[in-house]
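Written out below as structure tokens is the structure these notes cover.
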There are 2 protein chains.
Amino acid sequence: MLIRMPTNESPPIPSKPPRRAARGAAAAARIVPSAGGGAPSRGRAARGSARDKLIAAAHQTVRRKGYAATTVDEICAVAGVTKGAFFHHFASKDALAVAAAEGWTERARPMFELPPHTKLGDPLDRLLGHIDFRLAMLDGPVEDFTCFVGTMVQEAYATNDAIRAACEASITAYCEALTPDIEAAIARHGISHGVGAMSLARHVQAVLQGAFIMAKTTNDAAIARDSVTHLKRYILMLFSRG
Amino acid sequence: MLIRMPTNESPPIPSKPPRRAARGAAAAARIVPSAGGGAPSRGRAARGSARDKLIAAAHQTVRRKGYAATTVDEICAVAGVTKGAFFHHFASKDALAVAAAEGWTERARPMFELPPHTKLGDPLDRLLGHIDFRLAMLDGPVEDFTCFVGTMVQEAYATNDAIRAACEASITAYCEALTPDIEAAIARHGISHGVGAMSLARHVQAVLQGAFIMAKTTNDAAIARDSVTHLKRYILMLFSRG
DNA sequence: ATCAACATACCGACTAGTTGGTATGGTGTC
DNA sequence: GACACCATACCAACTAGTCGGTATGTTGAT
């Protein structure tokens, strides 16, 4: 399996100008030559790109080390910008965390739009295709397939409500993106025990998050794939396809 | 439901003299009057109790704030001991983390011994009873039912292999404690799709860990109970009791 | 039993280094 | 030239870990 979500690259769908008031045409200039191009004024990165690079650096670093252990200096170093740029775009480290959680939602969106399985006619096939897609993602280094908001909420749920709420919003958005297909699948095929669509969507998310933790204990994705396989079997049984 | 695991108390089964070489009869004097008794020389805590109190304080504080955000000073304050005592018993903060992960395994042991459901004759009933028990634990403040090692491994898996391995050992111990009943249940009742005992045990653990994260996103246990209910239904279906 | 000799448990002020955040100055673009 | 964008130097607060010292046992020879 070679399917993989973008990880270290910039967010794939930057449609929404990252929640700033007056941004204007700044988003149009989002090219990010990533220190290689020649035309734009010497080796200098494109002006206005620092914010996105900082968010991407936060995703990368926090998934590896956790939020508290990640320093502002390190995020800046990974992003290739200075501290001045950091505090120009974000009022604090916590403010970056909130923005990065919102950015994570954008980054996950293509999962529900791009892959071939989203074009299938049967909503149950689309749901199962999504599970297979998530299964295929569970490969390579752990820090490349785990969840940024899932990691961060563990450290923030009791100490920083703004971050917690941002993580909740991102996870809720995932579940809500999954719900329509589940609802349609229930309508077409019926489901055992009166299981609800949103409830099942949240269970999918829970199993994924749990699988990530199991993978972290061994630094290996195999144990996570096993759990998601159980999840797929459960869904098949619920829809009497087991 | 009122069943609850011990949380802020000292480890329930201190049988093993906390992995020290020559301890002798010191363990016998483990009384821990918890700052209330009158006999032992004024309000002073019992000698030799600092280590256990520090581990309990680590469990409590790390589950709430995460490992990196928890300071040594705070652990000492919660434990009611000084920094000198801390570094007398542990070479470093990381060394405490490893010891606390081992202590967590001891603390979880009664789950497989004490409750009434462990006395049931049918191993499948014991397994389902354990799930019900875990379900009943999902109540009250999130930091009181979540998993210490699951929380800590998220921050340590890529940066501290000693801590990671200690967390892995604790989770593996849980799965291995669950496996005999699952194996016996398979032998007596059969199971669908050739599901393996250890694989199912790990899935149980994964769902629990995922449920904890979901609970953290909302600071509420309800969403976690829902996922564990899905897990129970899956097990029932696997054993053709759905 | 007694007491020296030793071991363990604990105390709390101190330090070297790190961290999030600030102050201020430069630079390109409209 | 005004403003957004970014760089550099810096700081006050905090953190893990140290260290000299004290208190409370334990042991074994007498």
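Chain labels A, B, ... are given in the sequence in which chains occur in the structure tokens; within each chain residues are numbered consecutively from 1, and ligands are likewise numbered from 1 in the order shown.
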Show me, as a compact mmCIF listing (two decimals) with all heavy atoms, in the first residue's frame, the residues that have an atom within 9 Å of Ile191 (chain A) when counting only C-alpha atoms (C1' of nucleotides), minus same-chain residues fewer than 2 positions from it.
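Saved the output as around.txt:
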# COMPACT_ATOMS: atom_id res chain seq x y z
N ALA A 185 -25.80 4.56 4.82
CA ALA A 185 -25.60 3.10 4.85
C ALA A 185 -26.64 2.44 5.73
O ALA A 185 -27.17 1.37 5.39
CB ALA A 185 -24.19 2.78 5.35
N ILE A 186 -26.96 3.07 6.85
CA ILE A 186 -28.00 2.52 7.73
C ILE A 186 -29.35 2.52 7.01
O ILE A 186 -30.10 1.55 7.05
CB ILE A 186 -28.07 3.35 9.04
CG1 ILE A 186 -26.79 3.17 9.85
CG2 ILE A 186 -29.28 2.93 9.87
CD1 ILE A 186 -26.72 4.03 11.11
N ALA A 187 -29.62 3.62 6.31
CA ALA A 187 -30.90 3.74 5.60
C ALA A 187 -31.02 2.66 4.52
O ALA A 187 -32.08 2.08 4.32
CB ALA A 187 -31.03 5.13 4.98
N HIS A 189 -29.05 -0.30 4.26
CA HIS A 189 -28.82 -1.69 4.63
C HIS A 189 -29.38 -2.07 5.99
O HIS A 189 -29.42 -3.25 6.32
CB HIS A 189 -27.31 -1.99 4.62
CG HIS A 189 -26.65 -1.74 3.30
ND1 HIS A 189 -26.71 -2.63 2.26
CD2 HIS A 189 -25.95 -0.67 2.84
CE1 HIS A 189 -26.05 -2.15 1.21
NE2 HIS A 189 -25.58 -0.95 1.54
N HIS A 193 -28.93 -3.64 16.44
CA HIS A 193 -28.97 -3.05 17.77
C HIS A 193 -29.25 -1.55 17.78
O HIS A 193 -28.94 -0.87 18.76
CB HIS A 193 -27.66 -3.32 18.53
CG HIS A 193 -27.33 -4.77 18.63
ND1 HIS A 193 -26.56 -5.42 17.71
CD2 HIS A 193 -27.70 -5.71 19.54
CE1 HIS A 193 -26.44 -6.70 18.04
NE2 HIS A 193 -27.13 -6.90 19.14
N GLY A 194 -29.79 -1.03 16.67
CA GLY A 194 -30.13 0.39 16.64
C GLY A 194 -28.97 1.32 16.88
O GLY A 194 -29.12 2.39 17.47
N VAL A 195 -27.80 0.92 16.39
CA VAL A 195 -26.61 1.77 16.54
C VAL A 195 -26.79 3.08 15.78
O VAL A 195 -27.28 3.08 14.64
CB VAL A 195 -25.36 1.02 16.03
CG1 VAL A 195 -24.18 1.97 15.87
CG2 VAL A 195 -25.02 -0.12 16.98
N GLY A 196 -26.40 4.18 16.38
CA GLY A 196 -26.55 5.49 15.75
C GLY A 196 -25.35 5.86 14.91
O GLY A 196 -24.23 5.39 15.15
N MET A 237 -20.00 -6.66 10.71
CA MET A 237 -21.00 -7.44 11.44
C MET A 237 -22.24 -6.62 11.73
O MET A 237 -23.37 -7.13 11.65
CB MET A 237 -20.38 -7.95 12.75
CG MET A 237 -19.31 -9.01 12.55
SD MET A 237 -18.41 -9.35 14.09
CE MET A 237 -19.02 -10.98 14.48
N LEU A 238 -22.04 -5.34 12.05
CA LEU A 238 -23.19 -4.48 12.32
C LEU A 238 -24.11 -4.41 11.11
O LEU A 238 -25.33 -4.36 11.25
CB LEU A 238 -22.72 -3.07 12.69
CG LEU A 238 -22.25 -2.83 14.13
CD1 LEU A 238 -21.81 -1.39 14.28
CD2 LEU A 238 -23.35 -3.17 15.13
N PHE A 239 -23.49 -4.40 9.92
CA PHE A 239 -24.28 -4.30 8.70
C PHE A 239 -24.55 -5.68 8.10
O PHE A 239 -24.84 -5.80 6.91
CB PHE A 239 -23.56 -3.41 7.69
CG PHE A 239 -23.65 -1.94 8.02
CD1 PHE A 239 -22.60 -1.28 8.65
CD2 PHE A 239 -24.81 -1.22 7.72
CE1 PHE A 239 -22.68 0.07 8.96
CE2 PHE A 239 -24.89 0.13 8.04
CZ PHE A 239 -23.83 0.77 8.66
N SER A 240 -24.39 -6.72 8.92
CA SER A 240 -24.69 -8.10 8.50
C SER A 240 -23.92 -8.52 7.26
O SER A 240 -24.45 -9.20 6.38
CB SER A 240 -26.20 -8.27 8.25
OG SER A 240 -26.93 -7.87 9.39
Using only C-alpha atoms (C1' of nucleotides), find each residue in chain C having at least one atom no more than 12 Å away from chain B; report its shortest atom-to-atom pair and that distance in Å (one decimal), rows by chain then rising number, as a Markdown table.
| residue | atom | partner | partner_atom | distance |
| --- | --- | --- | --- | --- |
| C:DA7 | C1' | B:Ala22 | CA | 10.9 |
| C:DT8 | C1' | B:Gly48 | CA | 9.0 |
| C:DA9 | C1' | B:Gly48 | CA | 6.7 |
| C:DC10 | C1' | B:Ala85 | CA | 5.3 |
| C:DC11 | C1' | B:Gly84 | CA | 6.1 |
| C:DG12 | C1' | B:Gly84 | CA | 7.5 |
| C:DA13 | C1' | B:Gly84 | CA | 10.8 |
Output C-alpha atoms (C1' of nucleotides) for every residue in the selection just made, as an mmCIF file, in the first residue's frame.
data_model
loop_
_atom_site.group_PDB
_atom_site.id
_atom_site.type_symbol
_atom_site.label_atom_id
_atom_site.label_comp_id
_atom_site.auth_asym_id
_atom_site.auth_seq_id
_atom_site.Cartn_x
_atom_site.Cartn_y
_atom_site.Cartn_z
ATOM 1 C "C1'" DA C 7 23.364 3.144 56.634
ATOM 2 C "C1'" DT C 8 19.232 5.044 55.192
ATOM 3 C "C1'" DA C 9 15.887 8.767 54.799
ATOM 4 C "C1'" DC C 10 15.197 13.297 54.409
ATOM 5 C "C1'" DC C 11 15.834 18.541 54.308
ATOM 6 C "C1'" DG C 12 16.109 23.100 51.768
ATOM 7 C "C1'" DA C 13 19.021 26.611 49.829
#
Give me, as a tab-separated table, the closest atom pair and its distance (Å, one decimal) for every residue of chain D within a cut-off of 10 Å of chain B, counting only C-alpha atoms (C1' of nucleotides), rows sorted by chain and rising number.
residue	atom	partner	partner_atom	distance
D:DT15	C1'	B:Thr71	CA	7.5
D:DA16	C1'	B:Val72	CA	7.5
D:DG17	C1'	B:Ser92	CA	7.8
D:DT18	C1'	B:Phe87	CA	9.6
D:DC19	C1'	B:Gly84	CA	9.8
D:DT24	C1'	B:Arg47	CA	8.2
D:DG25	C1'	B:Arg47	CA	9.3
Store the residues of this selection in a file with all heavy atoms, as a compact mmCIF listing (two decimals), in the first residue's frame.
# COMPACT_ATOMS: atom_id res chain seq x y z
P DT D 15 8.38 25.71 36.58
OP1 DT D 15 7.13 25.20 36.00
OP2 DT D 15 8.51 25.94 38.03
O5' DT D 15 9.54 24.72 36.16
C5' DT D 15 10.08 24.77 34.84
C4' DT D 15 11.31 23.88 34.81
O4' DT D 15 12.47 24.70 35.05
C3' DT D 15 11.30 22.81 35.89
O3' DT D 15 11.34 21.52 35.30
C2' DT D 15 12.53 23.07 36.74
C1' DT D 15 13.36 24.05 35.92
N1 DT D 15 14.01 25.09 36.74
C2 DT D 15 15.36 25.32 36.61
O2 DT D 15 16.06 24.69 35.85
N3 DT D 15 15.85 26.29 37.42
C4 DT D 15 15.15 27.06 38.34
O4 DT D 15 15.72 27.92 39.02
C5 DT D 15 13.74 26.78 38.42
C7 DT D 15 12.89 27.56 39.37
C6 DT D 15 13.24 25.83 37.63
P DA D 16 11.21 20.20 36.24
OP1 DA D 16 10.29 19.27 35.56
OP2 DA D 16 10.94 20.62 37.63
O5' DA D 16 12.68 19.61 36.16
C5' DA D 16 13.23 19.34 34.89
C4' DA D 16 14.72 19.10 35.01
O4' DA D 16 15.35 20.25 35.63
C3' DA D 16 15.09 17.90 35.87
O3' DA D 16 16.21 17.24 35.27
C2' DA D 16 15.45 18.52 37.22
C1' DA D 16 16.01 19.88 36.82
N9 DA D 16 15.75 20.96 37.78
C8 DA D 16 14.57 21.27 38.38
N7 DA D 16 14.63 22.30 39.19
C5 DA D 16 15.94 22.70 39.12
C6 DA D 16 16.66 23.75 39.74
N6 DA D 16 16.09 24.61 40.60
N1 DA D 16 17.97 23.88 39.46
C2 DA D 16 18.53 23.02 38.60
N3 DA D 16 17.97 21.99 37.94
C4 DA D 16 16.65 21.89 38.25
P DG D 17 16.76 15.83 35.84
OP1 DG D 17 17.42 15.11 34.74
OP2 DG D 17 15.68 15.18 36.60
O5' DG D 17 17.89 16.30 36.85
C5' DG D 17 19.00 17.02 36.31
C4' DG D 17 19.80 17.62 37.43
O4' DG D 17 19.04 18.64 38.09
C3' DG D 17 20.24 16.64 38.53
O3' DG D 17 21.65 16.63 38.59
C2' DG D 17 19.61 17.21 39.80
C1' DG D 17 19.48 18.68 39.43
N9 DG D 17 18.52 19.43 40.24
C8 DG D 17 17.17 19.19 40.38
N7 DG D 17 16.59 20.04 41.19
C5 DG D 17 17.62 20.87 41.62
C6 DG D 17 17.60 21.97 42.50
O6 DG D 17 16.64 22.45 43.11
N1 DG D 17 18.86 22.54 42.65
C2 DG D 17 20.00 22.09 42.02
N2 DG D 17 21.13 22.75 42.28
N3 DG D 17 20.03 21.07 41.19
C4 DG D 17 18.81 20.51 41.03
P DT D 18 22.47 15.81 39.72
OP1 DT D 18 23.67 15.23 39.09
OP2 DT D 18 21.53 14.96 40.47
O5' DT D 18 22.95 16.98 40.67
C5' DT D 18 23.56 18.13 40.12
C4' DT D 18 24.21 18.96 41.21
O4' DT D 18 23.19 19.69 41.94
C3' DT D 18 24.99 18.15 42.26
O3' DT D 18 26.20 18.84 42.54
C2' DT D 18 24.04 18.13 43.46
C1' DT D 18 23.32 19.46 43.33
N1 DT D 18 21.95 19.51 43.91
C2 DT D 18 21.63 20.49 44.82
O2 DT D 18 22.43 21.33 45.20
N3 DT D 18 20.33 20.46 45.28
C4 DT D 18 19.35 19.56 44.91
O4 DT D 18 18.22 19.63 45.38
C5 DT D 18 19.74 18.57 43.94
C7 DT D 18 18.75 17.56 43.48
C6 DT D 18 21.00 18.59 43.50
P DC D 19 27.38 18.03 43.32
OP1 DC D 19 28.63 18.35 42.63
OP2 DC D 19 26.98 16.62 43.51
O5' DC D 19 27.38 18.74 44.73
C5' DC D 19 26.86 20.07 44.84
C4' DC D 19 26.75 20.45 46.32
O4' DC D 19 25.35 20.43 46.70
C3' DC D 19 27.45 19.47 47.25
O3' DC D 19 28.06 20.18 48.31
C2' DC D 19 26.31 18.59 47.77
C1' DC D 19 25.17 19.59 47.83
N1 DC D 19 23.82 18.97 47.72
C2 DC D 19 22.71 19.59 48.32
O2 DC D 19 22.88 20.65 48.92
N3 DC D 19 21.51 19.01 48.21
C4 DC D 19 21.37 17.85 47.55
N4 DC D 19 20.16 17.31 47.47
C5 DC D 19 22.48 17.20 46.93
C6 DC D 19 23.68 17.79 47.05
P DT D 24 14.31 12.68 64.58
OP1 DT D 24 12.91 13.12 64.61
OP2 DT D 24 15.20 12.88 65.74
O5' DT D 24 14.32 11.15 64.19
C5' DT D 24 13.74 10.74 62.97
C4' DT D 24 14.34 9.44 62.50
O4' DT D 24 15.75 9.59 62.21
C3' DT D 24 14.25 8.29 63.52
O3' DT D 24 13.50 7.25 62.93
C2' DT D 24 15.71 7.88 63.73
C1' DT D 24 16.34 8.34 62.44
N1 DT D 24 17.82 8.51 62.47
C2 DT D 24 18.59 7.70 61.67
O2 DT D 24 18.13 6.86 60.95
N3 DT D 24 19.93 7.93 61.76
C4 DT D 24 20.57 8.88 62.55
O4 DT D 24 21.80 8.99 62.55
C5 DT D 24 19.72 9.69 63.37
C7 DT D 24 20.29 10.74 64.26
C6 DT D 24 18.38 9.48 63.28
P DG D 25 12.85 6.10 63.82
OP1 DG D 25 12.10 5.20 62.91
OP2 DG D 25 12.16 6.73 64.97
O5' DG D 25 14.10 5.31 64.43
C5' DG D 25 14.23 3.92 64.25
C4' DG D 25 14.86 3.58 62.90
O4' DG D 25 15.93 4.52 62.66
C3' DG D 25 15.47 2.18 62.89
O3' DG D 25 15.00 1.42 61.80
C2' DG D 25 16.98 2.40 62.82
C1' DG D 25 17.12 3.84 62.33
N9 DG D 25 18.24 4.50 63.00
C8 DG D 25 18.17 5.42 64.02
N7 DG D 25 19.34 5.85 64.41
C5 DG D 25 20.24 5.17 63.59
C6 DG D 25 21.67 5.24 63.56
O6 DG D 25 22.41 5.91 64.27
N1 DG D 25 22.19 4.38 62.58
C2 DG D 25 21.43 3.57 61.75
N2 DG D 25 22.09 2.83 60.88
N3 DG D 25 20.10 3.51 61.77
C4 DG D 25 19.58 4.35 62.72
Which residues come within 12 Å of DA23 (chain C), counting only C-alpha atoms (C1' of nucleotides), excluding same-chain residues fewer than 5 positions away, as a PDB file with N, CA and C atoms (P, O5', C5', C4', C3', O3' and C1' of nucleotides), in the first residue's frame?
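selection-v5.pdb, written as the output of this step:
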ATOM      1  N   GLY A  84      11.033  36.338  16.090  1.00  0.00           N
ATOM      2  CA  GLY A  84      10.291  37.559  15.773  1.00  0.00           C
ATOM      3  C   GLY A  84       9.102  37.259  14.889  1.00  0.00           C
TER       4      GLY A  84
ATOM      5  P    DT D   8      19.142  37.242  11.977  1.00  0.00           P
ATOM      6  O5'  DT D   8      19.407  38.090  13.294  1.00  0.00           O
ATOM      7  C5'  DT D   8      19.637  39.478  13.184  1.00  0.00           C
ATOM      8  C4'  DT D   8      19.757  40.118  14.556  1.00  0.00           C
ATOM      9  C3'  DT D   8      20.455  39.264  15.618  1.00  0.00           C
ATOM     10  O3'  DT D   8      21.511  40.039  16.167  1.00  0.00           O
ATOM     11  C1'  DT D   8      18.412  40.116  16.458  1.00  0.00           C
ATOM     12  P    DA D   9      22.520  39.384  17.265  1.00  0.00           P
ATOM     13  O5'  DA D   9      21.993  40.106  18.599  1.00  0.00           O
ATOM     14  C5'  DA D   9      21.672  41.487  18.554  1.00  0.00           C
ATOM     15  C4'  DA D   9      21.077  41.929  19.882  1.00  0.00           C
ATOM     16  C3'  DA D   9      21.730  41.290  21.114  1.00  0.00           C
ATOM     17  O3'  DA D   9      21.926  42.286  22.108  1.00  0.00           O
ATOM     18  C1'  DA D   9      19.396  40.853  21.125  1.00  0.00           C
ATOM     19  P    DC D  10      22.715  41.938  23.469  1.00  0.00           P
ATOM     20  O5'  DC D  10      21.519  41.730  24.495  1.00  0.00           O
ATOM     21  C5'  DC D  10      20.502  42.717  24.561  1.00  0.00           C
ATOM     22  C4'  DC D  10      19.282  42.177  25.264  1.00  0.00           C
ATOM     23  C3'  DC D  10      19.534  41.507  26.618  1.00  0.00           C
ATOM     24  O3'  DC D  10      19.199  42.429  27.640  1.00  0.00           O
ATOM     25  C1'  DC D  10      17.803  40.455  25.336  1.00  0.00           C
ATOM     26  P    DC D  11      19.654  42.133  29.141  1.00  0.00           P
ATOM     27  O5'  DC D  11      18.299  41.677  29.827  1.00  0.00           O
ATOM     28  C5'  DC D  11      17.095  42.385  29.554  1.00  0.00           C
ATOM     29  C4'  DC D  11      15.906  41.610  30.107  1.00  0.00           C
ATOM     30  C3'  DC D  11      16.191  40.930  31.452  1.00  0.00           C
ATOM     31  O3'  DC D  11      15.113  41.162  32.331  1.00  0.00           O
ATOM     32  C1'  DC D  11      15.308  39.368  29.906  1.00  0.00           C
TER      33       DC D  11
END
Could you write out as a ChimeraX atom specification the residues of chain A within 6 Å of chain B, counting only C-alpha atoms?
/A:65-66,68-69,155,157,168,203,206-207,209-211,216-217,227,234
How would the residues just picked look written out with N, CA, C and O atoms as an mmCIF file, in the first residue's frame?
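Result written to part.cif:
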data_model
loop_
_atom_site.group_PDB
_atom_site.id
_atom_site.type_symbol
_atom_site.label_atom_id
_atom_site.label_comp_id
_atom_site.auth_asym_id
_atom_site.auth_seq_id
_atom_site.Cartn_x
_atom_site.Cartn_y
_atom_site.Cartn_z
ATOM 1 N N LYS A 65 7.054 14.880 19.976
ATOM 2 C CA LYS A 65 7.525 15.085 21.345
ATOM 3 C C LYS A 65 6.439 15.482 22.325
ATOM 4 O O LYS A 65 6.694 15.576 23.526
ATOM 5 N N GLY A 66 5.240 15.758 21.824
ATOM 6 C CA GLY A 66 4.211 16.293 22.703
ATOM 7 C C GLY A 66 4.273 17.813 22.738
ATOM 8 O O GLY A 66 5.255 18.419 22.284
ATOM 9 N N ALA A 68 4.027 20.171 25.464
ATOM 10 C CA ALA A 68 4.813 20.870 26.488
ATOM 11 C C ALA A 68 6.309 20.750 26.223
ATOM 12 O O ALA A 68 7.068 21.682 26.480
ATOM 13 N N ALA A 69 6.715 19.600 25.701
ATOM 14 C CA ALA A 69 8.144 19.388 25.465
ATOM 15 C C ALA A 69 8.624 20.103 24.205
ATOM 16 O O ALA A 69 9.833 20.188 23.969
ATOM 17 N N GLU A 155 -2.633 16.703 26.834
ATOM 18 C CA GLU A 155 -1.862 17.572 27.721
ATOM 19 C C GLU A 155 -2.631 18.834 28.090
ATOM 20 O O GLU A 155 -2.249 19.548 29.011
ATOM 21 N N TYR A 157 -6.338 19.114 28.164
ATOM 22 C CA TYR A 157 -7.764 19.008 28.507
ATOM 23 C C TYR A 157 -8.113 19.599 29.866
ATOM 24 O O TYR A 157 -9.210 20.105 30.066
ATOM 25 N N GLU A 168 -11.291 19.496 20.346
ATOM 26 C CA GLU A 168 -12.625 18.907 20.273
ATOM 27 C C GLU A 168 -13.284 19.249 18.938
ATOM 28 O O GLU A 168 -13.882 18.390 18.287
ATOM 29 N N HIS A 203 -16.952 6.176 17.528
ATOM 30 C CA HIS A 203 -16.231 4.946 17.867
ATOM 31 C C HIS A 203 -15.081 4.720 16.890
ATOM 32 O O HIS A 203 -13.998 4.282 17.294
ATOM 33 N N ALA A 206 -12.418 6.863 18.058
ATOM 34 C CA ALA A 206 -11.831 6.353 19.303
ATOM 35 C C ALA A 206 -10.874 5.201 19.019
ATOM 36 O O ALA A 206 -9.766 5.156 19.569
ATOM 37 N N VAL A 207 -11.285 4.287 18.154
ATOM 38 C CA VAL A 207 -10.405 3.152 17.843
ATOM 39 C C VAL A 207 -9.118 3.651 17.190
ATOM 40 O O VAL A 207 -8.021 3.162 17.498
ATOM 41 N N GLN A 209 -7.672 6.584 17.598
ATOM 42 C CA GLN A 209 -6.847 7.213 18.631
ATOM 43 C C GLN A 209 -6.204 6.150 19.521
ATOM 44 O O GLN A 209 -5.023 6.257 19.881
ATOM 45 N N GLY A 210 -6.966 5.140 19.881
ATOM 46 C CA GLY A 210 -6.410 4.070 20.690
ATOM 47 C C GLY A 210 -5.327 3.309 19.944
ATOM 48 O O GLY A 210 -4.298 2.938 20.525
ATOM 49 N N ALA A 211 -5.544 3.093 18.667
ATOM 50 C CA ALA A 211 -4.544 2.395 17.860
ATOM 51 C C ALA A 211 -3.248 3.195 17.808
ATOM 52 O O ALA A 211 -2.150 2.630 17.830
ATOM 53 N N LYS A 216 2.393 3.677 19.607
ATOM 54 C CA LYS A 216 3.445 4.403 20.300
ATOM 55 C C LYS A 216 4.137 3.546 21.350
ATOM 56 O O LYS A 216 5.324 3.718 21.611
ATOM 57 N N THR A 217 3.393 2.625 21.955
ATOM 58 C CA THR A 217 4.039 1.792 22.985
ATOM 59 C C THR A 217 5.120 0.910 22.386
ATOM 60 O O THR A 217 6.101 0.597 23.055
ATOM 61 N N SER A 227 -5.847 -3.463 15.403
ATOM 62 C CA SER A 227 -7.033 -2.925 16.050
ATOM 63 C C SER A 227 -8.025 -2.374 15.032
ATOM 64 O O SER A 227 -9.238 -2.553 15.167
ATOM 65 N N TYR A 234 -16.076 -5.309 13.007
ATOM 66 C CA TYR A 234 -17.256 -4.901 13.783
ATOM 67 C C TYR A 234 -18.270 -4.213 12.885
ATOM 68 O O TYR A 234 -19.483 -4.497 12.942
#
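We find CA of Ile75 (chain B) and CA of Thr61 (chain B) to be spaced 7.0 Å apart.
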Helix (DSSP H, G or I) residues, from DSSP on the backbone, in region 16-180 of chain A, as a PyMOL selection string:
chain A and resi 24-29+50-65+72-79+83-89+93-112+116-119+123-137+142-144+148-156+161-180
Between CA of Arg109 (chain A) and CA of Ala222 (chain B), distance in Å (one decimal)
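Separating CA of Arg109 (chain A) from CA of Ala222 (chain B) is a distance of 26.7 Å.
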Separation of CA of Ala79 (chain B) from CA of Lys53 (chain B) in Å:
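So the two atoms, CA of Lys53 (chain B) and CA of Ala79 (chain B), lie 5.2 Å apart.
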